[in-house]
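Coordinates from query_13.csv are shown below (CSV, C-alpha atoms).
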```csv
chain,number,residue,atom,x,y,z
A,1,MET,CA,160.5,-24.0,178.9
A,2,PRO,CA,162.0,-21.3,181.2
A,3,LEU,CA,163.9,-19.4,178.6
A,4,GLN,CA,163.3,-16.2,180.5
A,5,HIS,CA,165.7,-17.5,183.2
A,6,ALA,CA,168.3,-18.2,180.5
A,7,VAL,CA,167.9,-14.6,179.4
A,8,LEU,CA,168.5,-13.4,182.9
A,9,ALA,CA,171.6,-15.6,183.1
A,10,LEU,CA,172.9,-13.9,180.0
A,11,LEU,CA,172.1,-10.5,181.3
A,12,LYS,CA,174.0,-11.4,184.5
A,13,GLN,CA,177.2,-11.2,182.4
A,14,ARG,CA,176.5,-7.8,180.9
A,15,PRO,CA,173.7,-5.5,179.6
A,16,SER,CA,172.7,-6.4,176.0
A,17,HIS,CA,170.2,-5.6,173.4
A,18,GLY,CA,167.9,-8.1,171.7
A,19,TYR,CA,170.0,-9.3,168.8
A,20,GLU,CA,173.1,-9.6,171.0
A,21,LEU,CA,171.1,-11.8,173.4
A,22,LYS,CA,170.0,-14.0,170.5
A,23,ALA,CA,173.6,-14.4,169.3
A,24,GLN,CA,174.9,-15.0,172.8
A,25,PHE,CA,172.3,-17.7,173.5
A,26,GLU,CA,172.9,-19.6,170.3
A,27,GLU,CA,176.6,-19.4,170.7
A,28,THR,CA,176.6,-20.4,174.3
A,29,ILE,CA,174.1,-23.3,174.0
A,30,GLY,CA,175.2,-24.6,170.6
A,31,PRO,CA,173.4,-26.3,167.7
A,32,GLN,CA,171.7,-29.1,169.7
A,33,TRP,CA,169.2,-26.6,171.2
A,34,GLY,CA,168.3,-24.9,168.0
A,35,GLY,CA,167.8,-21.2,167.2
A,36,LEU,CA,166.1,-18.6,169.3
A,37,ASN,CA,163.2,-16.8,167.6
A,38,ILE,CA,163.8,-13.1,167.8
A,39,GLY,CA,160.1,-12.3,168.1
A,40,HIS,CA,159.8,-14.7,171.0
A,41,LEU,CA,162.9,-13.2,172.6
A,42,TYR,CA,161.4,-9.7,172.6
A,43,GLN,CA,158.2,-11.1,174.1
A,44,ILE,CA,160.3,-12.6,176.9
A,45,LEU,CA,162.1,-9.3,177.4
A,46,GLU,CA,158.8,-7.4,177.6
A,47,ARG,CA,157.6,-9.8,180.4
A,48,LEU,CA,160.9,-9.4,182.3
A,49,VAL,CA,160.6,-5.6,182.1
A,50,ARG,CA,157.0,-5.8,183.3
A,51,ASP,CA,157.9,-8.1,186.2
A,52,GLY,CA,160.7,-5.8,187.3
A,53,TYR,CA,163.5,-8.2,186.6
A,54,VAL,CA,165.0,-6.1,183.8
A,55,THR,CA,165.2,-2.4,182.9
A,56,ARG,CA,165.1,-1.0,179.4
A,57,SER,CA,167.0,2.1,178.3
A,58,GLN,CA,167.6,3.6,174.8
A,59,VAL,CA,171.0,4.0,173.4
A,60,ALA,CA,171.5,6.5,170.6
A,61,GLN,CA,173.3,5.4,167.5
A,62,ALA,CA,174.7,7.8,164.9
A,63,ASP,CA,173.9,6.0,161.7
A,64,ARG,CA,171.1,3.6,162.9
A,65,PRO,CA,167.9,3.9,164.9
A,66,ASP,CA,168.2,3.9,168.7
A,67,LYS,CA,168.5,0.5,170.3
A,68,ASN,CA,167.0,-0.8,173.5
A,69,LEU,CA,169.5,-1.9,176.1
A,70,TYR,CA,168.4,-4.4,178.7
A,71,THR,CA,170.0,-4.5,182.2
A,72,LEU,CA,169.4,-7.0,185.0
A,73,THR,CA,167.9,-5.6,188.2
A,74,PRO,CA,168.6,-6.8,191.8
A,75,ALA,CA,165.1,-8.5,191.7
A,76,GLY,CA,166.1,-10.3,188.4
A,77,ASP,CA,169.4,-11.3,189.9
A,78,ALA,CA,167.6,-12.9,192.9
A,79,GLU,CA,165.1,-14.6,190.6
A,80,MET,CA,167.8,-16.1,188.4
A,81,ARG,CA,169.8,-17.2,191.4
A,82,THR,CA,166.9,-19.0,193.0
A,83,TRP,CA,166.1,-20.7,189.6
A,84,ALA,CA,169.7,-21.7,188.9
A,85,THR,CA,170.2,-23.4,192.3
A,86,THR,CA,166.9,-25.3,192.4
A,87,ALA,CA,166.6,-28.9,191.1
A,88,TRP,CA,164.6,-29.4,188.0
A,89,VAL,CA,161.7,-31.8,188.4
A,90,ARG,CA,160.2,-33.6,185.3
A,91,THR,CA,156.5,-32.9,185.2
A,92,GLY,CA,155.4,-33.8,181.6
A,93,GLY,CA,156.3,-37.5,181.5
A,94,PHE,CA,158.0,-39.1,178.5
A,95,ARG,CA,156.5,-38.3,175.1
A,96,ASP,CA,158.3,-39.6,172.1
A,97,GLU,CA,156.6,-40.4,168.8
A,98,VAL,CA,158.7,-43.6,168.5
A,99,PHE,CA,156.5,-45.1,171.2
A,100,LEU,CA,153.4,-44.4,169.2
A,101,LYS,CA,155.1,-45.9,166.1
A,102,LEU,CA,155.9,-49.0,168.1
A,103,LEU,CA,152.2,-49.3,169.0
A,104,GLY,CA,151.2,-49.1,165.4
A,105,ALA,CA,153.9,-51.5,164.1
A,106,ALA,CA,153.1,-54.1,166.8
A,107,ALA,CA,149.5,-54.0,165.7
A,108,LEU,CA,150.5,-54.7,162.1
A,109,GLY,CA,152.5,-57.9,162.9
A,110,THR,CA,156.0,-59.1,163.2
A,111,ASP,CA,157.2,-57.9,159.8
A,112,ALA,CA,156.1,-54.3,160.4
A,113,LEU,CA,157.6,-54.3,163.9
A,114,ALA,CA,161.0,-55.7,162.6
A,115,ALA,CA,161.0,-53.1,159.8
A,116,LEU,CA,160.4,-50.2,162.2
A,117,ILE,CA,163.0,-51.3,164.7
A,118,ASP,CA,165.6,-51.8,161.9
A,119,THR,CA,165.0,-48.4,160.3
A,120,GLN,CA,164.8,-46.6,163.7
A,121,ARG,CA,168.1,-48.2,164.7
A,122,GLN,CA,169.8,-47.0,161.6
A,123,THR,CA,168.4,-43.5,162.2
A,124,TYR,CA,169.9,-43.5,165.8
A,125,LEU,CA,173.2,-44.7,164.5
A,126,SER,CA,173.3,-41.9,162.0
A,127,GLU,CA,172.5,-39.4,164.7
A,128,LEU,CA,175.4,-40.7,166.8
A,129,ALA,CA,177.8,-40.2,163.9
A,130,GLY,CA,176.6,-36.6,163.5
A,131,LEU,CA,176.9,-35.9,167.2
A,132,ALA,CA,180.4,-37.2,167.2
A,133,GLN,CA,181.3,-34.7,164.5
A,134,GLN,CA,179.7,-31.9,166.5
A,135,ARG,CA,181.5,-33.0,169.7
A,136,ARG,CA,184.9,-32.7,167.9
A,137,ALA,CA,183.9,-29.3,166.4
A,138,HIS,CA,182.9,-27.9,169.8
A,139,ALA,CA,185.5,-29.5,172.1
A,140,GLY,CA,186.7,-26.1,173.3
A,141,GLU,CA,183.2,-24.9,174.4
A,142,PRO,CA,182.3,-26.5,177.7
A,143,LEU,CA,178.6,-25.9,177.8
A,144,VAL,CA,178.0,-26.8,174.1
A,145,ALA,CA,180.1,-30.0,174.6
A,146,LEU,CA,178.0,-30.9,177.7
A,147,LEU,CA,174.8,-30.6,175.8
A,148,ILE,CA,176.1,-32.7,172.9
A,149,ASP,CA,177.3,-35.3,175.5
A,150,ALA,CA,173.7,-35.4,176.9
A,151,ALA,CA,172.3,-35.9,173.4
A,152,VAL,CA,174.8,-38.8,172.8
A,153,ALA,CA,173.8,-40.4,176.1
A,154,HIS,CA,170.1,-40.0,175.3
A,155,THR,CA,170.5,-41.5,171.8
A,156,LYS,CA,172.4,-44.5,173.2
A,157,ALA,CA,169.6,-45.1,175.6
A,158,ASP,CA,167.2,-45.0,172.7
A,159,LEU,CA,169.2,-47.7,171.0
A,160,GLY,CA,168.9,-49.9,174.1
A,161,LEU,CA,165.2,-49.2,174.2
A,162,LEU,CA,164.8,-50.7,170.7
A,163,ASP,CA,166.4,-54.0,171.9
A,164,SER,CA,163.9,-54.0,174.8
A,165,ALA,CA,161.0,-53.2,172.5
A,166,GLU,CA,162.0,-56.1,170.3
A,167,ARG,CA,161.9,-58.5,173.2
A,168,HIS,CA,158.7,-57.2,174.7
A,169,LEU,CA,156.6,-56.5,171.6
A,170,SER,CA,157.5,-59.5,169.4
A,171,PRO,CA,155.1,-61.9,171.1
A,172,LEU,CA,152.4,-59.3,170.9
A,173,ALA,CA,153.1,-58.7,167.2
A,174,ALA,CA,153.1,-62.4,166.5
A,175,ALA,CA,149.7,-62.8,167.9
A,176,GLN,CA,148.2,-60.3,165.4
A,177,GLY,CA,146.3,-61.9,162.6
A,178,VAL,CA,145.9,-65.2,164.4
A,179,PRO,CA,142.2,-66.1,164.3
A,180,LYS,CA,140.6,-66.3,167.7
A,181,PRO,CA,139.0,-69.7,168.6
A,182,GLN,CA,135.3,-69.9,168.1
A,183,LYS,CA,133.3,-70.4,171.2
A,184,PRO,CA,131.6,-73.8,171.3
A,185,GLU,CA,127.8,-73.9,171.0
A,186,SER,CA,126.0,-74.3,174.2
A,187,ALA,CA,124.4,-77.7,175.0
A,188,SER,CA,120.9,-76.2,174.8
A,189,ALA,CA,121.6,-75.0,171.3
A,190,SER,CA,123.2,-78.2,170.0
A,191,ALA,CA,121.0,-80.9,171.6
A,192,PRO,CA,117.2,-81.1,171.3
A,193,ASP,CA,115.2,-80.7,174.6
A,194,HIS,CA,113.3,-84.0,175.0
A,195,GLY,CA,111.2,-82.4,177.7
A,196,GLN,CA,109.4,-80.4,175.0
A,197,ASP,CA,107.1,-81.6,172.2
A,198,ASP,CA,109.2,-81.5,169.0
A,199,GLY,CA,106.1,-82.2,166.8
A,200,LEU,CA,107.2,-85.8,166.2
A,201,GLY,CA,105.7,-87.4,169.4
A,202,ALA,CA,102.1,-86.5,168.5
A,203,GLY,CA,102.6,-88.1,165.1
A,204,ARG,CA,103.9,-91.3,166.6
A,205,ASP,CA,100.8,-91.4,169.0
A,206,ARG,CA,98.5,-91.1,166.0
A,207,ASP,CA,100.3,-94.0,164.2
A,208,ARG,CA,99.8,-96.3,167.2
A,209,ALA,CA,96.1,-95.4,167.4
A,210,ALA,CA,95.7,-96.2,163.7
A,211,THR,CA,97.5,-99.6,164.0
A,212,PRO,CA,96.4,-101.3,167.3
A,213,TRP,CA,98.1,-104.6,166.5
A,214,SER,CA,101.6,-103.1,166.5
A,215,ASP,CA,101.8,-103.3,170.3
A,216,SER,CA,100.9,-107.0,170.5
A,217,ALA,CA,103.1,-108.1,167.7
```
For this file, produce the structure as structure tokens.
Amino acid sequence: MPLQHAVLALLKQRPSHGYELKAQFEETIGPQWGGLNIGHLYQILERLVRDGYVTRSQVAQADRPDKNLYTLTPAGDAEMRTWATTAWVRTGGFRDEVFLKLLGAAALGTDALAALIDTQRQTYLSELAGLAQQRRAHAGEPLVALLIDAAVAHTKADLGLLDSAERHLSPLAAAQGVPKPQKPESASASAPDHGQDDGLGAGRDRDRAATPWSDSA
């Protein structure tokens, strides 16, 4: 996740120190993204200084330790501009645990699949209700509202996916637990081979030799 470019975008507005950047990021992006770890942020700032995208200077404080102030450089401005105007291309595919759960539920049969789909649907509906509350609370913050709208659209698409999963996976789930038909025995295994001596022919020949009148009777 290119958080370093988001940091450059924040520094484009004004020079800041670490905790200011953390507060700026969380306020600008909103609750849907989640908090920014301060330790991770300082690692990002170290890399940006090393790469020449940001400079670091110390600001003296009367009643506190000196603080580091980070300022965007011309190279950092150019890097951020290139990143911000280039289309994002998905490279990691779609990885969502719900797909793995659908795999497991379908393997357990129709009852398990129906139970998962029902409880997952209720979870998505609860998420939508929470997102609606967040949307009202952040109506005056355009970027936060936009991210919430994206989350709403994604969750609605997930709901539609559950309907599709029910249609596609129900036949597969119904087939679980159905015994597979036994293969019929081959003709060579079920019928005796008359071309071979089964031990009875020799006995019949001995009987004829012992009772010669049986052929003429």
If you take all atoms listed in the file and a cut-off of 12 Å, which residues of range 96-195 of chain A touch range 32-46 of chain A, and what are their nearest atom pairs and distances in Å to one decimal, in chain and number order, as CSV?
```
residue,atom,partner,partner_atom,distance
A:Glu127,CA,A:Gln32,CA,11.5
A:Gly130,CA,A:Gln32,CA,10.9
A:Leu131,CA,A:Gln32,CA,8.9
A:Gln134,CA,A:Gln32,CA,9.1
A:Arg135,CA,A:Gln32,CA,10.5
A:His138,CA,A:Gln32,CA,11.3
A:Leu143,CA,A:Gln32,CA,11.1
A:Val144,CA,A:Gln32,CA,8.0
A:Ala145,CA,A:Gln32,CA,9.8
A:Leu146,CA,A:Gln32,CA,10.3
A:Leu147,CA,A:Gln32,CA,7.0
A:Ile148,CA,A:Gln32,CA,6.5
A:Asp149,CA,A:Gln32,CA,10.2
A:Ala150,CA,A:Gln32,CA,9.8
A:Ala151,CA,A:Gln32,CA,7.8
A:Val152,CA,A:Gln32,CA,10.6
```
Legend entry - All residues 10 Å or closer to Leu69 in chain A, only C-alpha atoms, same chain fewer than 3 positions away omitted, as a list in words: Pro15, Ser16, His17, Gly18, Glu20, Val54, Thr55, Arg56, Ser57, Gln58, Val59 and Asp66 of chain A
Inset, instruction - Identify which of the residues A:Ser126, A:Ala157, A:Ser164, A:Tyr19 lies closest to Lys67 in chain A, counting all atoms listed in the file when measuring atom-to-atom distances. - result: A:Tyr19
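Relative to CA of Leu102 in chain A, CA of Asp118 in chain A is found at 11.8 Å.
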Legend entry - Å distance separating CA of Thr28 in chain A from CA of Leu10 in chain A, one decimal place: 9.4 Å
Legend entry - Protein/DNA/RNA residues near (166.0, -41.8, 167.0), cut 8 Å, all atoms listed in the file, as an MDAnalysis selection string: chainID A and resid 98 120:121 123:124 127 155 158:159
Legend entry - Pairwise distance for CA of Leu128 in chain A and CA of Glu97 in chain A, rounded to one decimal in Å: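 Interatomic distance here is 18.9 Å.
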Inset, instruction - May I have the residues within 12 Å of Pro171 in chain A as a list in words, using only C-alpha atoms and disregarding those fewer than 5 positions away in the same chain? - result: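 Surrounding residues, per the criterion: Ala106, Ala107, Gly109, Thr110, Leu113, Ala165, Glu166, Gln176 and Val178 of chain A.
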